[in-house]
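Trainee: To be precise about what I am sending: the file is called final19.cif and holds mmCIF, C-alpha atoms and all ligand atoms.
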data_input
#
loop_
_atom_site.label_atom_id
_atom_site.label_comp_id
_atom_site.auth_asym_id
_atom_site.auth_seq_id
_atom_site.Cartn_x
_atom_site.Cartn_y
_atom_site.Cartn_z
CA MET A 17 -15.68 2.50 -8.31
CA LYS A 18 -16.19 0.83 -11.65
CA ILE A 19 -15.93 -2.93 -11.83
CA LEU A 20 -16.00 -5.24 -14.84
CA VAL A 21 -17.37 -8.72 -14.25
CA ILE A 22 -16.51 -11.32 -16.90
CA GLU A 23 -18.53 -14.43 -16.04
CA ASP A 24 -20.53 -16.61 -18.41
CA GLU A 25 -22.76 -18.17 -15.75
CA LYS A 26 -25.57 -15.67 -15.91
CA LYS A 27 -26.96 -16.48 -12.47
CA ILE A 28 -23.61 -15.89 -10.77
CA ALA A 29 -22.94 -12.78 -12.84
CA SER A 30 -26.29 -11.34 -11.89
CA LEU A 31 -25.80 -12.08 -8.17
CA ILE A 32 -22.42 -10.37 -8.30
CA ARG A 33 -23.88 -7.38 -10.09
CA LYS A 34 -26.68 -6.99 -7.55
CA GLY A 35 -24.35 -7.40 -4.60
CA LEU A 36 -21.83 -4.89 -5.88
CA GLU A 37 -24.40 -2.36 -7.00
CA ALA A 38 -25.97 -2.49 -3.54
CA GLN A 39 -22.59 -1.36 -2.21
CA GLY A 40 -22.39 1.54 -4.64
CA PHE A 41 -20.11 -0.01 -7.23
CA VAL A 42 -20.77 0.68 -10.90
CA VAL A 43 -20.80 -2.69 -12.65
CA ASP A 44 -20.45 -3.84 -16.25
CA VAL A 45 -21.02 -7.52 -17.00
CA CYS A 46 -19.74 -9.53 -19.98
CA HIS A 47 -20.77 -13.15 -20.53
CA HIS A 48 -18.26 -13.89 -23.26
CA GLY A 49 -14.46 -13.87 -23.09
CA ASP A 50 -13.92 -11.93 -26.30
CA GLU A 51 -16.44 -9.30 -25.29
CA GLY A 52 -14.83 -9.06 -21.85
CA PHE A 53 -11.38 -8.67 -23.33
CA THR A 54 -12.53 -5.83 -25.56
CA ALA A 55 -14.18 -4.10 -22.61
CA VAL A 56 -11.18 -4.32 -20.30
CA THR A 57 -8.71 -3.16 -22.94
CA THR A 58 -10.80 -0.23 -24.13
CA ARG A 59 -12.51 1.14 -21.02
CA PRO A 60 -11.10 2.17 -17.66
CA TYR A 61 -12.03 -0.05 -14.72
CA ASP A 62 -10.90 0.00 -11.13
CA ALA A 63 -10.93 -3.79 -10.97
CA VAL A 64 -11.94 -6.88 -12.93
CA VAL A 65 -13.69 -9.98 -11.59
CA LEU A 66 -12.65 -12.67 -14.01
CA ASP A 67 -13.97 -16.20 -14.41
CA ILE A 68 -11.51 -18.73 -15.83
CA MET A 69 -13.70 -20.97 -17.99
CA LEU A 70 -15.38 -18.73 -20.54
CA PRO A 71 -16.68 -19.09 -24.07
CA GLY A 72 -14.26 -17.48 -26.51
CA ARG A 73 -11.11 -16.19 -24.89
CA ASP A 74 -10.64 -17.84 -21.47
CA GLY A 75 -9.85 -15.99 -18.28
CA LEU A 76 -6.16 -16.87 -18.09
CA SER A 77 -5.59 -15.79 -21.67
CA ILE A 78 -7.30 -12.47 -20.93
CA LEU A 79 -5.14 -12.00 -17.86
CA ARG A 80 -1.92 -12.90 -19.69
CA ASN A 81 -2.74 -10.47 -22.46
CA LEU A 82 -3.51 -7.66 -20.01
CA ARG A 83 -0.20 -8.06 -18.23
CA GLU A 84 1.71 -8.33 -21.52
CA ARG A 85 0.21 -5.00 -22.43
CA ARG A 86 1.33 -3.66 -19.04
CA LEU A 87 -2.28 -3.03 -18.02
CA ALA A 88 -2.10 -3.20 -14.26
CA VAL A 89 -5.84 -3.15 -13.48
CA PRO A 90 -6.41 -5.34 -10.39
CA VAL A 91 -7.87 -8.76 -11.26
CA ILE A 92 -9.70 -11.15 -8.96
CA LEU A 93 -10.09 -14.60 -10.48
CA LEU A 94 -13.13 -16.76 -9.92
CA THR A 95 -12.14 -20.38 -9.91
CA ALA A 96 -13.82 -23.73 -9.44
CA ARG A 97 -12.62 -25.91 -6.59
CA SER A 98 -11.02 -28.29 -9.11
CA GLU A 99 -9.04 -25.58 -10.89
CA LEU A 100 -5.96 -25.61 -8.65
CA ASN A 101 -3.46 -25.47 -11.51
CA GLU A 102 -5.35 -22.64 -13.19
CA ARG A 103 -5.44 -20.73 -9.91
CA LEU A 104 -1.68 -21.02 -9.48
CA GLU A 105 -1.10 -20.12 -13.10
CA GLY A 106 -3.38 -17.11 -12.66
CA LEU A 107 -1.44 -15.87 -9.63
CA ASN A 108 1.80 -16.34 -11.56
CA LEU A 109 0.35 -14.38 -14.46
CA GLY A 110 -0.34 -11.47 -12.14
CA ALA A 111 -3.83 -11.98 -10.73
CA ASP A 112 -4.20 -9.99 -7.52
CA ASP A 113 -6.40 -12.47 -5.73
CA TYR A 114 -8.81 -15.31 -6.35
CA LEU A 115 -12.04 -16.65 -4.95
CA THR A 116 -13.20 -20.24 -5.16
CA LYS A 117 -16.82 -20.72 -6.13
CA PRO A 118 -19.17 -20.75 -4.34
CA PHE A 119 -18.28 -17.68 -2.31
CA PHE A 120 -20.06 -15.04 -0.29
CA ILE A 121 -20.57 -11.72 -2.04
CA GLU A 122 -19.31 -9.99 1.14
CA GLU A 123 -15.99 -11.70 0.64
CA LEU A 124 -15.73 -10.52 -2.95
CA ILE A 125 -16.52 -6.98 -1.84
CA ALA A 126 -13.88 -7.09 0.90
CA ARG A 127 -11.28 -8.33 -1.55
CA LEU A 128 -12.21 -5.73 -4.14
CA HIS A 129 -11.60 -3.06 -1.53
CA VAL A 130 -8.21 -4.55 -0.73
CA VAL A 131 -6.99 -4.85 -4.31
CA THR A 132 -8.22 -1.43 -5.39
CA ARG A 133 -6.74 0.23 -2.30
CA ARG A 134 -3.47 -1.57 -2.96
CA ALA A 135 -3.49 -0.45 -6.59
CA ALA A 136 -4.20 3.15 -5.58
CA GLY A 137 -1.36 3.10 -3.06
CA ALA A 138 0.91 1.55 -5.65
CA SER A 139 0.40 4.23 -8.26
CA HIS A 140 4.15 4.09 -8.27
CA SER A 141 4.05 0.33 -8.47
CA ILE A 142 7.72 -0.42 -8.98
CA LEU A 143 10.11 0.10 -6.11
CA THR A 144 13.75 0.40 -7.08
CA VAL A 145 16.85 0.24 -4.96
CA ALA A 146 20.07 0.52 -6.94
CA ASP A 147 19.77 -2.17 -9.65
CA LEU A 148 16.95 -4.01 -7.87
CA ALA A 149 13.33 -3.59 -9.03
CA VAL A 150 10.36 -4.83 -7.02
CA ASN A 151 7.06 -4.77 -8.90
CA LEU A 152 4.23 -4.54 -6.39
CA LEU A 153 1.53 -5.47 -8.88
CA THR A 154 3.09 -8.42 -10.67
CA ARG A 155 5.24 -9.28 -7.64
CA GLU A 156 8.15 -9.67 -9.99
CA VAL A 157 11.60 -9.06 -8.56
CA VAL A 158 14.52 -8.40 -10.87
CA ARG A 159 18.09 -7.49 -10.06
CA ALA A 160 20.34 -6.37 -12.92
CA GLY A 161 18.23 -8.38 -15.37
CA ARG A 162 18.23 -11.48 -13.16
CA HIS A 163 14.79 -12.73 -12.08
CA ILE A 164 14.55 -13.58 -8.42
CA GLU A 165 12.00 -16.13 -7.19
CA LEU A 166 10.69 -15.33 -3.73
CA THR A 167 8.17 -16.94 -1.44
CA ALA A 168 5.23 -14.80 -0.38
CA ARG A 169 6.80 -13.93 3.00
CA GLU A 170 10.17 -13.17 1.47
CA PHE A 171 8.44 -10.85 -0.97
CA GLU A 172 6.59 -9.08 1.86
CA LEU A 173 9.81 -8.62 3.77
CA LEU A 174 11.66 -7.31 0.72
CA GLN A 175 8.93 -4.87 -0.24
CA HIS A 176 8.80 -3.39 3.26
CA LEU A 177 12.54 -2.87 3.22
CA ALA A 178 12.53 -1.52 -0.33
CA ARG A 179 9.79 1.01 0.38
CA SER A 180 12.17 3.28 2.20
CA PRO A 181 15.81 2.58 1.45
CA GLY A 182 18.07 3.84 4.19
CA ARG A 183 15.38 3.63 6.84
CA VAL A 184 15.96 1.01 9.49
CA LEU A 185 13.17 -1.45 10.29
CA THR A 186 13.39 -2.96 13.74
CA ARG A 187 12.69 -6.61 14.39
CA PRO A 188 9.32 -5.92 16.07
CA GLN A 189 8.32 -3.70 13.13
CA ILE A 190 9.18 -6.45 10.70
CA CYS A 191 7.28 -9.04 12.78
CA GLU A 192 4.25 -6.81 12.78
CA ARG A 193 4.30 -5.89 9.11
CA VAL A 194 5.30 -9.20 7.58
CA TRP A 195 3.75 -11.68 10.00
CA ASN A 196 1.06 -9.54 11.62
CA TYR A 197 2.55 -10.38 15.02
CA ASP A 198 2.06 -7.61 17.49
CA PHE A 199 4.50 -9.32 19.82
CA ASP A 200 8.10 -10.43 19.42
CA PRO A 201 7.89 -14.19 18.83
CA GLY A 202 11.25 -14.42 20.60
CA THR A 203 12.71 -16.61 17.89
CA ASN A 204 15.17 -15.90 15.14
CA LEU A 205 12.36 -15.90 12.57
CA VAL A 206 13.36 -12.50 11.19
CA GLU A 207 17.05 -13.37 11.02
CA VAL A 208 16.29 -16.59 9.16
CA TYR A 209 14.21 -14.75 6.57
CA ILE A 210 16.78 -11.99 6.19
CA GLN A 211 19.45 -14.62 5.52
CA ARG A 212 17.28 -16.32 2.90
CA LEU A 213 16.47 -13.05 1.24
CA ARG A 214 20.13 -12.05 1.17
CA LYS A 215 21.10 -15.29 -0.53
CA LYS A 216 18.61 -14.58 -3.27
CA VAL A 217 18.94 -10.83 -3.64
CA ASP A 218 22.65 -10.22 -3.10
CA GLY A 219 24.34 -12.40 -5.69
CA GLU A 220 28.04 -13.13 -6.07
CA GLY A 221 30.01 -9.99 -6.67
CA GLU A 222 26.95 -7.74 -6.31
CA THR A 223 26.68 -4.83 -3.89
CA LYS A 224 25.11 -6.03 -0.66
CA LEU A 225 21.76 -4.27 -0.61
CA ILE A 226 20.38 -5.66 2.65
CA GLU A 227 22.25 -4.23 5.60
CA THR A 228 22.21 -5.24 9.25
CA ILE A 229 22.28 -2.35 11.68
CA ARG A 230 23.60 -4.08 14.77
CA GLY A 231 21.32 -4.03 17.73
CA VAL A 232 18.65 -2.15 15.81
CA GLY A 233 17.39 -3.96 12.73
CA TYR A 234 17.72 -4.03 8.99
CA ARG A 235 17.55 -1.70 6.06
CA MET A 236 18.10 -1.51 2.35
CA LYS A 237 21.26 0.30 1.43
CA PRO A 238 20.38 3.91 0.69
CA ASP A 239 20.98 4.93 -2.90
CA ALA A 240 24.43 6.28 -3.41
CA CA B 301 -17.43 -20.18 -16.45
#
Is it possible to express this structure as structure tokens?
Mentor:
Amino acid sequence: MKILVIEDEKKIASLIRKGLEAQGFVVDVCHHGDEGFTAVTTRPYDAVVLDIMLPGRDGLSILRNLRERRLAVPVILLTARSELNERLEGLNLGADDYLTKPFFIEELIARLHVVTRRAAGASHSILTVADLAVNLLTREVVRAGRHIELTAREFELLQHLARSPGRVLTRPQICERVWNYDFDPGTNLVEVYIQRLRKKVDGEGETKLIETIRGVGYRMKPDA
């Protein structure tokens, strides 16, 4: 796996390089934003580790530009503890994850595995059901040109339903996949989230895409 690290603090960059190389990753390092941007837009990488504060082009500007170009390479942002706004902006711009410095190299490696696995599984990264599109990489949800804002859990729930339209997901399956509960919490948690999702996804006058199968569970309406 080939990773690009864009980080101007040479000590951190070098620790990352050593840690990743020890795990068999192939690593390129850039210490300057402009140099990093050129690298990521001209060479294929499996993931990018991107610092925010950089000389030249900063991390968020690199990320924005990548996503505008529809380059879906997974990006993990490195942020300082004080950079809360930048972190949120980065996630909104389509960063796949972030780590707050200082961090353990093991954690970076674990997250790299997650984001690259996710990207590989999402080679078809946009799920569509009728006029609804769920982008698994940017987490953007659009129905008939209308952008839909979802919370993280709502998004998880929607993507599980949208993965296989027509297939019913039972309540315990939803609990397990969306909340990682391997037990039924015995509350109406799932119902509450389904209601919220419906309000957002099925607008006035639109076909109802989220169906209740009584006594069984829920599904997305199969494509006509
Ligand atoms: Ca920096």
Trainee: Contacts between ligand CA 301 (chain B) and chain A, please, where a residue of chain A counts if it comes within 7 Å (with only C-alpha atoms and all ligand atoms); show its shortest atom pair and distance in Å to one decimal, rows by chain and ascending number, as a tab-separated table.
Mentor:
residue	atom	partner	partner_atom	distance
A:Glu23	CA	B:CA301	CA	5.9
A:Asp24	CA	B:CA301	CA	5.1
A:Glu25	CA	B:CA301	CA	5.7
A:Asp67	CA	B:CA301	CA	5.7
A:Ile68	CA	B:CA301	CA	6.1
A:Met69	CA	B:CA301	CA	4.1
A:Leu70	CA	B:CA301	CA	4.8
Trainee: Taking 3 positions as the minimum chain separation for residues in the same chain, which residues sit within 8 Å of region 172-187 of chain A when counting all atoms listed in the file? Answer as a PDB file with C-alpha atoms, in the coordinates of the input.
Mentor:
ATOM      1  CA  LEU A 143      10.110   0.100  -6.110  1.00  0.00           C
ATOM      2  CA  THR A 144      13.750   0.400  -7.080  1.00  0.00           C
ATOM      3  CA  VAL A 145      16.850   0.240  -4.960  1.00  0.00           C
ATOM      4  CA  VAL A 150      10.360  -4.830  -7.020  1.00  0.00           C
ATOM      5  CA  LEU A 152       4.230  -4.540  -6.390  1.00  0.00           C
ATOM      6  CA  ALA A 168       5.230 -14.800  -0.380  1.00  0.00           C
ATOM      7  CA  ARG A 169       6.800 -13.930   3.000  1.00  0.00           C
ATOM      8  CA  ILE A 190       9.180  -6.450  10.700  1.00  0.00           C
ATOM      9  CA  CYS A 191       7.280  -9.040  12.780  1.00  0.00           C
ATOM     10  CA  ARG A 193       4.300  -5.890   9.110  1.00  0.00           C
ATOM     11  CA  VAL A 194       5.300  -9.200   7.580  1.00  0.00           C
ATOM     12  CA  ASP A 200       8.100 -10.430  19.420  1.00  0.00           C
ATOM     13  CA  VAL A 206      13.360 -12.500  11.190  1.00  0.00           C
ATOM     14  CA  LEU A 213      16.470 -13.050   1.240  1.00  0.00           C
ATOM     15  CA  ILE A 229      22.280  -2.350  11.680  1.00  0.00           C
ATOM     16  CA  VAL A 232      18.650  -2.150  15.810  1.00  0.00           C
ATOM     17  CA  GLY A 233      17.390  -3.960  12.730  1.00  0.00           C
ATOM     18  CA  TYR A 234      17.720  -4.030   8.990  1.00  0.00           C
ATOM     19  CA  ARG A 235      17.550  -1.700   6.060  1.00  0.00           C
ATOM     20  CA  MET A 236      18.100  -1.510   2.350  1.00  0.00           C
ATOM     21  CA  LYS A 237      21.260   0.300   1.430  1.00  0.00           C
ATOM     22  CA  PRO A 238      20.380   3.910   0.690  1.00  0.00           C
ATOM     23  CA  ASP A 239      20.980   4.930  -2.900  1.00  0.00           C
TER      24      ASP A 239
END
Trainee: With all atoms listed in the file as the atoms that count, which of A:Glu156, A:Glu37, A:Asp62, A:Asp50 lies nearest to Ser77 (chain A)?
Mentor: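 Smallest separation from Ser77 (chain A) among the options: A:Asp50.
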Trainee: For region 52-156 of chain A against region 214-227 of chain A, with a cut-off of 10 Å and counting all atoms listed in the file, what is the closest atom pair and its distance in Å to one decimal for every residue that makes the cut, ordered by chain and number, as a Markdown table?
Mentor:
| residue | atom | partner | partner_atom | distance |
| --- | --- | --- | --- | --- |
| A:Val145 | CA | A:Leu225 | CA | 8.0 |
| A:Ala146 | CA | A:Leu225 | CA | 8.1 |
| A:Asp147 | CA | A:Thr223 | CA | 9.4 |
| A:Leu148 | CA | A:Val217 | CA | 8.3 |
Trainee: So that I can see what lies close to Cys46 (chain A), please list as a PDB file with C-alpha atoms, in the frame of the given file the residues with an atom at most 10 Å from it, counting all atoms listed in the file and leaving out residues fewer than 5 positions away in the same chain.
Mentor:
ATOM      1  CA  LEU A  20     -16.000  -5.240 -14.840  1.00  0.00           C
ATOM      2  CA  VAL A  21     -17.370  -8.720 -14.250  1.00  0.00           C
ATOM      3  CA  ILE A  22     -16.510 -11.320 -16.900  1.00  0.00           C
ATOM      4  CA  GLU A  23     -18.530 -14.430 -16.040  1.00  0.00           C
ATOM      5  CA  ASP A  24     -20.530 -16.610 -18.410  1.00  0.00           C
ATOM      6  CA  LYS A  26     -25.570 -15.670 -15.910  1.00  0.00           C
ATOM      7  CA  ALA A  29     -22.940 -12.780 -12.840  1.00  0.00           C
ATOM      8  CA  GLU A  51     -16.440  -9.300 -25.290  1.00  0.00           C
ATOM      9  CA  GLY A  52     -14.830  -9.060 -21.850  1.00  0.00           C
ATOM     10  CA  PHE A  53     -11.380  -8.670 -23.330  1.00  0.00           C
ATOM     11  CA  THR A  54     -12.530  -5.830 -25.560  1.00  0.00           C
ATOM     12  CA  ALA A  55     -14.180  -4.100 -22.610  1.00  0.00           C
ATOM     13  CA  LEU A  66     -12.650 -12.670 -14.010  1.00  0.00           C
TER      14      LEU A  66
END
Trainee: Please put the answer as lines of an AutoDock Vina configuration file: centre and edge lengths, in Å with one decimal, of a box along x, y and z that encloses all listed atoms of region 229-237 of chain A plus 4 Å on each side.
Mentor:
center_x = 20.5
center_y = -1.9
center_z = 9.6
size_x = 14.2
size_y = 12.4
size_z = 24.3
Trainee: Just to confirm, what's the straight-line distance from CA of Gly106 (chain A) to CA of Ile210 (chain A) in Å (one decimal)?
Mentor: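 Rounded to one decimal, the two atoms are 28.1 Å apart.
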Trainee: Please return, as a ChimeraX atom specification, all polymer residues that have at least one atom within 12 Å of the point (-8.0, -7.2, -4.2); use all atoms listed in the file and the file's own coordinate frame.
Mentor: /A:19,62-65,89-93,110-115,123-136,153
Trainee: Find the residue from A:Gly35, A:Arg212, A:Pro188, A:Gly202 that sits nearest to Ile164 (chain A); use all atoms listed in the file when measuring.
Mentor: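 Counting all atoms listed in the file, the residue closest to Ile164 (chain A) is A:Arg212.
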Trainee: Within 9 Å of (-5.3, -2.6, -18.3) (file coordinates; all atoms listed in the file), which protein or nucleic acid residues are there? I'd like them as JSON, numbers by chain.
Mentor: {"A": [56, 57, 58, 59, 60, 61, 82, 83, 85, 86, 87, 88, 89, 90]}
Trainee: Counting all atoms listed in the file, figure out which residue out of A:Arg155, A:His47, A:Arg33, A:Arg80 gets nearest to Glu170 (chain A).
Mentor: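 Between A:Arg155, A:His47, A:Arg33, A:Arg80, the residue approaching Glu170 (chain A) most closely is A:Arg155.
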Trainee: In Å, how far is it from CA of Asp44 (chain A) to CA of Asp74 (chain A)?
Mentor: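 CA of Asp74 (chain A) lies 17.9 Å from CA of Asp44 (chain A).
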Trainee: Work out how far CA of Phe119 (chain A) is from CA of Leu100 (chain A), in Å to one decimal.
Mentor: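 According to the coordinates, CA of Leu100 (chain A) and CA of Phe119 (chain A) are separated by 16.0 Å.
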Trainee: Set the distance at 8 Å and use all atoms listed in the file: which residues neighbour Leu36 (chain A) once local chain neighbours fewer than 5 positions away are removed? I'd like the list as a count of residues only.
Mentor: 5
